[in-house]
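structure_31.pdb follows; it contains PDB, C-alpha atoms.
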ATOM      1  CA  MET A   1      53.654 -51.258 -38.775
ATOM      2  CA  SER A   2      55.167 -47.913 -38.306
ATOM      3  CA  SER A   3      54.213 -45.210 -35.865
ATOM      4  CA  THR A   4      55.280 -41.590 -35.767
ATOM      5  CA  PHE A   5      56.120 -39.759 -32.609
ATOM      6  CA  ASN A   6      55.948 -35.973 -32.542
ATOM      7  CA  ALA A   7      58.048 -34.607 -29.694
ATOM      8  CA  ASP A   8      56.268 -31.212 -29.858
ATOM      9  CA  VAL A   9      52.873 -32.694 -28.862
ATOM     10  CA  LEU A  10      52.520 -32.656 -25.071
ATOM     11  CA  PHE A  11      48.858 -33.344 -24.291
ATOM     12  CA  LEU A  12      45.808 -34.480 -26.320
ATOM     13  CA  GLY A  13      47.455 -33.492 -29.547
ATOM     14  CA  LEU A  14      48.266 -29.979 -28.296
ATOM     15  CA  THR A  15      51.696 -28.487 -28.559
ATOM     16  CA  ALA A  16      53.345 -26.405 -25.848
ATOM     17  CA  LYS A  17      52.406 -23.275 -27.797
ATOM     18  CA  ASP A  18      48.754 -24.372 -28.009
ATOM     19  CA  LEU A  19      48.699 -25.093 -24.270
ATOM     20  CA  LEU A  20      50.172 -21.703 -23.455
ATOM     21  CA  ILE A  21      47.518 -19.944 -25.544
ATOM     22  CA  ALA A  22      44.674 -22.058 -24.039
ATOM     23  CA  GLY A  23      46.075 -21.539 -20.518
ATOM     24  CA  GLY A  24      46.137 -17.798 -21.061
ATOM     25  CA  TRP A  25      42.487 -17.811 -22.043
ATOM     26  CA  PHE A  26      41.592 -20.174 -19.191
ATOM     27  CA  PHE A  27      43.145 -17.938 -16.550
ATOM     28  CA  THR A  28      41.660 -14.802 -18.129
ATOM     29  CA  ILE A  29      38.139 -16.314 -17.951
ATOM     30  CA  ILE A  30      38.637 -17.589 -14.392
ATOM     31  CA  GLY A  31      39.932 -14.158 -13.344
ATOM     32  CA  TRP A  32      36.961 -12.485 -14.959
ATOM     33  CA  LEU A  33      34.508 -14.870 -13.223
ATOM     34  CA  VAL A  34      36.128 -14.323  -9.827
ATOM     35  CA  SER A  35      36.203 -10.542 -10.195
ATOM     36  CA  ASN A  36      32.596 -10.549 -11.432
ATOM     37  CA  ALA A  37      31.462 -12.659  -8.452
ATOM     38  CA  GLN A  38      33.290 -10.318  -6.061
ATOM     39  CA  ALA A  39      31.729  -7.235  -7.662
ATOM     40  CA  ASN A  40      28.258  -8.813  -7.438
ATOM     41  CA  SER A  41      28.815  -9.714  -3.808
ATOM     42  CA  ARG A  42      29.963  -6.147  -3.023
ATOM     43  CA  GLU A  43      26.874  -4.740  -4.756
ATOM     44  CA  ARG A  44      24.570  -7.125  -2.853
ATOM     45  CA  ARG A  45      26.261  -6.161   0.384
ATOM     46  CA  LYS A  46      25.740  -2.457  -0.363
ATOM     47  CA  GLU A  47      22.104  -3.009  -1.291
ATOM     48  CA  VAL A  48      21.369  -4.969   1.890
ATOM     49  CA  ARG A  49      23.211  -2.389   4.002
ATOM     50  CA  ALA A  50      21.090   0.374   2.434
ATOM     51  CA  GLU A  51      17.923  -1.637   3.087
ATOM     52  CA  ILE A  52      18.877  -2.188   6.734
ATOM     53  CA  ASP A  53      19.644   1.523   7.138
ATOM     54  CA  ALA A  54      16.223   2.339   5.650
ATOM     55  CA  CYS A  55      14.552  -0.077   8.109
ATOM     56  CA  ILE A  56      16.445   1.508  11.006
ATOM     57  CA  LYS A  57      15.287   4.950   9.879
ATOM     58  CA  ILE A  58      11.659   3.784   9.803
ATOM     59  CA  GLN A  59      12.092   2.403  13.318
ATOM     60  CA  ALA A  60      13.581   5.678  14.563
ATOM     61  CA  ASP A  61      10.608   7.513  13.011
ATOM     62  CA  LEU A  62       8.231   5.061  14.662
ATOM     63  CA  VAL A  63       9.800   5.686  18.074
ATOM     64  CA  LEU A  64       9.428   9.450  17.608
ATOM     65  CA  LYS A  65       5.851   9.124  16.355
ATOM     66  CA  SER A  66       4.970   6.773  19.208
ATOM     67  CA  ARG A  67       6.404   9.273  21.708
ATOM     68  CA  THR A  68       4.303  12.060  20.195
ATOM     69  CA  TYR A  69       1.173   9.891  19.932
ATOM     70  CA  PHE A  70       1.263   8.349  23.415
ATOM     71  CA  GLY A  71       2.523  11.607  24.918
ATOM     72  CA  SER A  72      -0.597  13.503  23.810
ATOM     73  CA  PRO A  73      -4.118  12.837  25.039
ATOM     74  CA  LYS A  74      -6.807  11.090  23.006
ATOM     75  CA  SER A  75      -8.650  14.418  22.733
ATOM     76  CA  ASP A  76      -5.818  15.777  20.576
ATOM     77  CA  GLN A  77      -7.232  16.535  17.090
ATOM     78  CA  LEU A  78      -4.254  14.861  15.442
ATOM     79  CA  SER A  79      -4.521  11.657  17.463
ATOM     80  CA  LYS A  80      -6.402   9.700  14.804
ATOM     81  CA  SER A  81      -4.137  10.659  11.911
ATOM     82  CA  ARG A  82      -1.038   9.969  14.032
ATOM     83  CA  ALA A  83      -2.368   6.485  14.813
ATOM     84  CA  ALA A  84      -3.031   5.836  11.108
ATOM     85  CA  GLU A  85       0.510   6.973  10.268
ATOM     86  CA  ILE A  86       1.932   4.609  12.870
ATOM     87  CA  ARG A  87      -0.082   1.670  11.494
ATOM     88  CA  PHE A  88       1.036   2.517   7.950
ATOM     89  CA  GLU A  89       4.711   2.758   8.875
ATOM     90  CA  LEU A  90       4.569  -0.419  10.931
ATOM     91  CA  GLN A  91       3.226  -2.265   7.897
ATOM     92  CA  ARG A  92       5.980  -0.796   5.682
ATOM     93  CA  LEU A  93       8.597  -1.871   8.226
ATOM     94  CA  ILE A  94       7.205  -5.405   8.533
ATOM     95  CA  THR A  95       7.039  -5.752   4.734
ATOM     96  CA  ARG A  96      10.655  -4.661   4.238
ATOM     97  CA  VAL A  97      12.037  -6.706   7.111
ATOM     98  CA  GLU A  98      10.211  -9.842   5.939
ATOM     99  CA  ARG A  99      11.495  -9.305   2.380
ATOM    100  CA  LEU A 100      15.051  -9.291   3.720
ATOM    101  CA  GLU A 101      14.410 -12.423   5.753
ATOM    102  CA  LYS A 102      12.902 -14.211   2.759
ATOM    103  CA  LYS A 103      15.904 -13.408   0.557
ATOM    104  CA  TYR A 104      18.616 -14.039   3.154
ATOM    105  CA  PRO A 105      17.957 -16.893   5.597
ATOM    106  CA  GLN A 106      20.700 -15.509   7.885
ATOM    107  CA  PHE A 107      18.166 -12.895   9.016
ATOM    108  CA  ASP A 108      15.807 -14.067  11.755
ATOM    109  CA  VAL A 109      13.763 -10.996  12.593
ATOM    110  CA  THR A 110      10.052 -11.833  12.323
ATOM    111  CA  GLY A 111       9.711 -12.543  16.058
ATOM    112  CA  ALA A 112      11.349  -9.247  17.053
ATOM    113  CA  CYS A 113       9.222  -7.434  14.503
ATOM    114  CA  GLY A 114       6.046  -8.898  16.037
ATOM    115  CA  GLU A 115       7.159  -7.901  19.540
ATOM    116  CA  LEU A 116       7.745  -4.319  18.367
ATOM    117  CA  MET A 117       4.360  -4.315  16.642
ATOM    118  CA  ASP A 118       2.703  -5.416  19.903
ATOM    119  CA  ALA A 119       4.554  -2.785  21.930
ATOM    120  CA  ILE A 120       3.592   0.044  19.587
ATOM    121  CA  SER A 121       0.094  -0.944  18.533
ATOM    122  CA  GLY A 122      -1.121  -3.021  21.483
ATOM    123  CA  ASP A 123      -3.130  -1.440  24.313
ATOM    124  CA  PRO A 124      -3.696   1.477  24.760
ATOM    125  CA  PHE A 125      -3.169   2.186  21.036
ATOM    126  CA  GLU A 126      -6.355   3.630  19.477
ATOM    127  CA  SER A 127      -8.243   3.255  22.735
ATOM    128  CA  ALA A 128     -11.071   5.710  23.429
ATOM    129  CA  ASP A 129     -10.018   6.120  27.072
ATOM    130  CA  ARG A 130      -6.287   6.491  26.399
ATOM    131  CA  GLU A 131      -4.495   9.079  28.489
ATOM    132  CA  ALA A 132      -1.265  10.922  27.758
ATOM    133  CA  LEU A 133       1.754   8.975  29.015
ATOM    134  CA  PRO A 134       4.827  10.514  30.646
ATOM    135  CA  ALA A 135       8.083  10.335  28.669
ATOM    136  CA  ASP A 136       9.517   7.733  31.053
ATOM    137  CA  SER A 137       6.451   5.467  31.066
ATOM    138  CA  ASP A 138       6.964   1.705  30.914
ATOM    139  CA  LEU A 139       5.285   1.506  27.526
ATOM    140  CA  LEU A 140       7.565   4.075  25.870
ATOM    141  CA  ILE A 141      10.607   2.440  27.397
ATOM    142  CA  LYS A 142       9.418  -0.955  26.114
ATOM    143  CA  ILE A 143       8.938   0.476  22.617
ATOM    144  CA  GLU A 144      12.523   1.739  22.641
ATOM    145  CA  ALA A 145      13.866  -1.523  24.047
ATOM    146  CA  ASP A 146      12.026  -3.600  21.402
ATOM    147  CA  THR A 147      13.298  -1.225  18.721
ATOM    148  CA  HIS A 148      16.869  -1.868  19.880
ATOM    149  CA  VAL A 149      16.265  -5.620  19.764
ATOM    150  CA  LEU A 150      15.038  -5.459  16.173
ATOM    151  CA  ILE A 151      17.915  -3.190  15.085
ATOM    152  CA  ASP A 152      20.421  -5.558  16.721
ATOM    153  CA  GLN A 153      18.858  -8.555  14.986
ATOM    154  CA  LEU A 154      19.041  -6.784  11.628
ATOM    155  CA  GLU A 155      22.713  -5.979  12.250
ATOM    156  CA  ASP A 156      23.392  -9.576  13.341
ATOM    157  CA  GLY A 157      21.719 -10.845  10.184
ATOM    158  CA  PHE A 158      23.941  -8.570   8.110
ATOM    159  CA  VAL A 159      27.091  -9.840   9.819
ATOM    160  CA  ASN A 160      25.953 -13.467   9.403
ATOM    161  CA  ALA A 161      25.189 -12.938   5.725
ATOM    162  CA  PHE A 162      28.210 -10.868   4.724
ATOM    163  CA  GLY A 163      30.790 -11.332   7.455
TER
ATOM    164  CA  MET B   1     -16.613 -25.869   1.627
ATOM    165  CA  THR B   2     -14.296 -23.037   2.664
ATOM    166  CA  VAL B   3     -15.883 -19.624   3.182
ATOM    167  CA  VAL B   4     -13.616 -16.636   2.513
ATOM    168  CA  LEU B   5     -13.739 -13.471   4.571
ATOM    169  CA  ASN B   6     -11.698 -10.559   3.253
ATOM    170  CA  ILE B   7     -11.278  -7.861   5.900
ATOM    171  CA  ALA B   8     -10.397  -5.063   3.442
ATOM    172  CA  LYS B   9     -13.362  -5.778   1.137
ATOM    173  CA  GLN B  10     -15.995  -6.869   3.635
ATOM    174  CA  PHE B  11     -15.166  -4.787   6.701
ATOM    175  CA  SER B  12     -12.692  -1.922   6.307
ATOM    176  CA  ARG B  13      -9.387  -1.076   4.640
ATOM    177  CA  SER B  14      -8.482   0.758   7.812
ATOM    178  CA  PRO B  15      -9.655  -1.289  10.799
ATOM    179  CA  ALA B  16      -8.727   0.315  14.109
ATOM    180  CA  GLY B  17      -9.173  -0.059  17.830
ATOM    181  CA  ARG B  18     -10.125  -2.844  20.194
ATOM    182  CA  TYR B  19     -13.673  -2.096  21.359
ATOM    183  CA  ARG B  20     -16.737  -0.645  19.637
ATOM    184  CA  THR B  21     -16.256   2.427  21.821
ATOM    185  CA  ASP B  22     -12.892   2.977  20.066
ATOM    186  CA  GLY B  23     -14.458   3.327  16.612
ATOM    187  CA  PRO B  24     -16.783   1.756  14.033
ATOM    188  CA  PHE B  25     -14.182  -0.647  12.637
ATOM    189  CA  SER B  26     -12.871  -2.164  15.859
ATOM    190  CA  GLY B  27     -11.737  -5.725  16.551
ATOM    191  CA  GLU B  28     -14.818  -6.320  18.683
ATOM    192  CA  ALA B  29     -17.137  -5.195  15.850
ATOM    193  CA  PHE B  30     -15.321  -7.369  13.324
ATOM    194  CA  ARG B  31     -15.453 -10.415  15.603
ATOM    195  CA  GLU B  32     -19.097 -10.067  16.550
ATOM    196  CA  ASP B  33     -20.526  -8.878  13.233
ATOM    197  CA  LEU B  34     -18.510 -10.862  10.708
ATOM    198  CA  LEU B  35     -16.081 -13.392  12.156
ATOM    199  CA  LEU B  36     -18.309 -15.298  14.571
ATOM    200  CA  PRO B  37     -21.289 -15.561  12.165
ATOM    201  CA  ALA B  38     -18.949 -16.735   9.370
ATOM    202  CA  LEU B  39     -17.358 -19.300  11.689
ATOM    203  CA  SER B  40     -20.693 -20.680  12.835
ATOM    204  CA  GLN B  41     -22.038 -20.948   9.285
ATOM    205  CA  SER B  42     -19.078 -22.649   7.642
ATOM    206  CA  GLU B  43     -17.094 -25.861   7.901
ATOM    207  CA  ALA B  44     -13.871 -24.011   7.172
ATOM    208  CA  LEU B  45     -13.117 -20.308   7.103
ATOM    209  CA  GLU B  46     -10.286 -18.423   5.446
ATOM    210  CA  VAL B  47      -9.707 -14.882   6.695
ATOM    211  CA  GLN B  48      -7.711 -12.783   4.249
ATOM    212  CA  LEU B  49      -5.686  -9.967   5.804
ATOM    213  CA  ASP B  50      -4.149  -8.559   2.606
ATOM    214  CA  GLY B  51      -5.459  -5.258   1.271
ATOM    215  CA  VAL B  52      -5.709  -3.589   4.670
ATOM    216  CA  LEU B  53      -3.599  -0.444   5.112
ATOM    217  CA  GLY B  54      -2.132  -1.663   8.389
ATOM    218  CA  PHE B  55      -3.189  -3.526  11.511
ATOM    219  CA  GLY B  56      -2.801  -2.599  15.119
ATOM    220  CA  SER B  57      -2.193  -5.430  17.592
ATOM    221  CA  SER B  58      -5.166  -4.259  19.663
ATOM    222  CA  PHE B  59      -7.512  -4.856  16.707
ATOM    223  CA  LEU B  60      -6.078  -8.282  15.873
ATOM    224  CA  GLU B  61      -5.955  -9.413  19.501
ATOM    225  CA  GLU B  62      -9.557  -8.460  20.172
ATOM    226  CA  ALA B  63     -10.794  -9.958  16.897
ATOM    227  CA  PHE B  64      -8.990 -13.314  17.132
ATOM    228  CA  GLY B  65      -7.925 -13.643  20.777
ATOM    229  CA  GLY B  66     -11.474 -12.582  21.610
ATOM    230  CA  LEU B  67     -12.785 -15.735  19.913
ATOM    231  CA  VAL B  68     -11.322 -17.704  22.818
ATOM    232  CA  ARG B  69     -11.644 -15.125  25.598
ATOM    233  CA  GLU B  70     -15.093 -13.697  24.855
ATOM    234  CA  ALA B  71     -16.803 -16.267  22.642
ATOM    235  CA  GLY B  72     -15.441 -19.289  24.508
ATOM    236  CA  LEU B  73     -14.153 -21.120  21.424
ATOM    237  CA  LYS B  74     -11.311 -23.587  21.839
ATOM    238  CA  ALA B  75      -7.921 -22.733  20.336
ATOM    239  CA  ASP B  76      -7.578 -26.301  18.956
ATOM    240  CA  ALA B  77     -10.923 -26.056  17.193
ATOM    241  CA  LEU B  78      -9.891 -22.728  15.693
ATOM    242  CA  HIS B  79      -6.630 -24.191  14.419
ATOM    243  CA  ALA B  80      -8.660 -26.894  12.694
ATOM    244  CA  LYS B  81     -11.288 -24.639  11.175
ATOM    245  CA  LEU B  82      -9.714 -21.250  10.621
ATOM    246  CA  ARG B  83      -7.083 -20.329   8.080
ATOM    247  CA  ILE B  84      -5.343 -16.962   8.142
ATOM    248  CA  SER B  85      -4.074 -15.794   4.793
ATOM    249  CA  SER B  86      -1.543 -12.969   4.621
ATOM    250  CA  LYS B  87       1.505 -12.046   2.563
ATOM    251  CA  LEU B  88       3.055 -10.936   5.838
ATOM    252  CA  LYS B  89       4.132 -13.804   8.078
ATOM    253  CA  THR B  90       4.247 -11.491  11.109
ATOM    254  CA  TYR B  91       0.486 -10.840  11.007
ATOM    255  CA  GLU B  92      -0.347 -14.516  10.628
ATOM    256  CA  GLN B  93       1.992 -15.504  13.481
ATOM    257  CA  ARG B  94       0.579 -12.784  15.744
ATOM    258  CA  VAL B  95      -3.007 -13.893  15.129
ATOM    259  CA  TRP B  96      -2.209 -17.469  16.169
ATOM    260  CA  ARG B  97      -0.254 -16.258  19.144
ATOM    261  CA  TYR B  98      -3.251 -14.202  20.328
ATOM    262  CA  VAL B  99      -5.512 -17.227  19.884
ATOM    263  CA  ASP B 100      -3.116 -19.521  21.759
ATOM    264  CA  ASP B 101      -2.429 -17.049  24.584
ATOM    265  CA  ALA B 102      -6.075 -16.080  25.195
ATOM    266  CA  ARG B 103      -7.854 -17.638  28.186
ATOM    267  CA  PRO B 104     -11.643 -17.948  28.401
ATOM    268  CA  LYS B 105     -13.310 -15.529  30.800
ATOM    269  CA  SER B 106     -14.384 -17.441  33.878
TER
END
Please render this file's structure as structure tokens.
Amino acid sequence: MSSTFNADVLFLGLTAKDLLIAGGWFFTIIGWLVSNAQANSRERRKEVRAEIDACIKIQADLVLKSRTYFGSPKSDQLSKSRAAEIRFELQRLITRVERLEKKYPQFDVTGACGELMDAISGDPFESADREALPADSDLLIKIEADTHVLIDQLEDGFVNAFG
Amino acid sequence: MTVVLNIAKQFSRSPAGRYRTDGPFSGEAFREDLLLPALSQSEALEVQLDGVLGFGSSFLEEAFGGLVREAGLKADALHAKLRISSKLKTYEQRVWRYVDDARPKS
């Protein structure tokens, strides 16, 4: 019985030339996959950053609107429409923040969101015997403090998710 | 059988305020006119929050916390009988917090 031995074949019937060609393709594909994953991650990071910035802007608007609303008396003609605007924006904020939390488990913001909701729309919100509050009232200070807490938790979530 | 109560369709898309004196679609009005009768006439009740343009805590607290504080219902019994349905977890969590934190008027 005779057997032939081909010194050019190095691995699974492939010659050194074949291996070099296959290796070239292999590293090209790996490089492409890595660069694609990095680009996707950068895009995701940018999108989440933009979403957080949008949430922070809504919160800043809510603080301003709360200051105007609670700073004016119930008798103010605009009181009702201001209250409706605040309720609307609160709902938009909650929706966006919860969407982030659902997509990225590193965000844990529902509790802080609920606390802010209570501060803004709890008593004396929409009360018939509401009186105008001074700018340094406990309620307005609490609204600002709860806003900071939620912003910080959004920022923490971003750092946890994207480093 | 579960009875369904949809706030937006059966009460208002824009509920507001705590007491009847605050407006026609207050938490007190919702609790007394719709929620309590529905609870007493059903074995299980699902309250749907979706479709409303936004809730204030004062409305939700009076409507649901008021079940314990004003109507004297037990929080445990409410957990067994009442289901809150909402796309937003925050609203659902707040409702149960108001129920659990409320104390009956002595």
### Task
Quick one: apply the PyMOL selection byres ((chain A) within 7 of (chain B)) to the file and drop the selected residues here as a PyMOL selection string.
chain A and resi 87-88+91+95+110+114+117-118+121-123+125-128
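The interatomic distance for the pair atom CA of Gly65 of chain B and atom CA of Leu78 of chain A works out to 29.2 Å.
Applied to this file, the PyMOL selection byres ((chain B and resi 31-45) around 9) selects the residues Met1, Thr2, Val3, Val4, Leu5, Gln10, Phe11, Ser26, Gly27, Glu28, Ala29, Phe30, Glu46, Val47, Glu62, Ala63, Phe64, Gly66, Leu67, Ala71, Ala80, Lys81, Leu82, Arg83 and Ile84 of chain B.
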### Task
Go through the shown structure with the PyMOL selection byres ((chain A and resi 97-104) around 9) and write out the matching residues as a PyMOL selection string.
(chain A and resi 48+51-52+55+92-96+105-110+113+154+157+161) or (chain B and resi 88-90)
## Note on the structure
Expressed in Å, the length from atom CA of Tyr98 of chain B to atom CA of Pro134 of chain A is 28.0 Å
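Computed from the coordinates, the atom CA of Arg13 of chain B to atom CA of Arg82 of chain A distance equals 16.7 Å.
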### Task
Kindly provide, as a ChimeraX atom specification, the polymer residues lying within 12 Å of (15.5, 0.2, 11.2), counting all atoms listed in the file and using the coordinates exactly as they appear in the file.
/A:49-63,89-90,92-94,96-97,109,112-113,116,144,146-155
### Task
Go ahead and find all residues with at least one atom no further than 12 Å from (-0.4, 6.3, 30.9) in the file's coordinates, using all atoms listed in the file; report them as an NGL selection string.
:A and (67 or 69-74 or 123-125 or 127 or 129-140)
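Distances here use only C-alpha atoms; by that measure, the residue among B:His79, B:Lys9, B:Lys74, B:Arg69 closest to Asp50 of chain B is B:Lys9.
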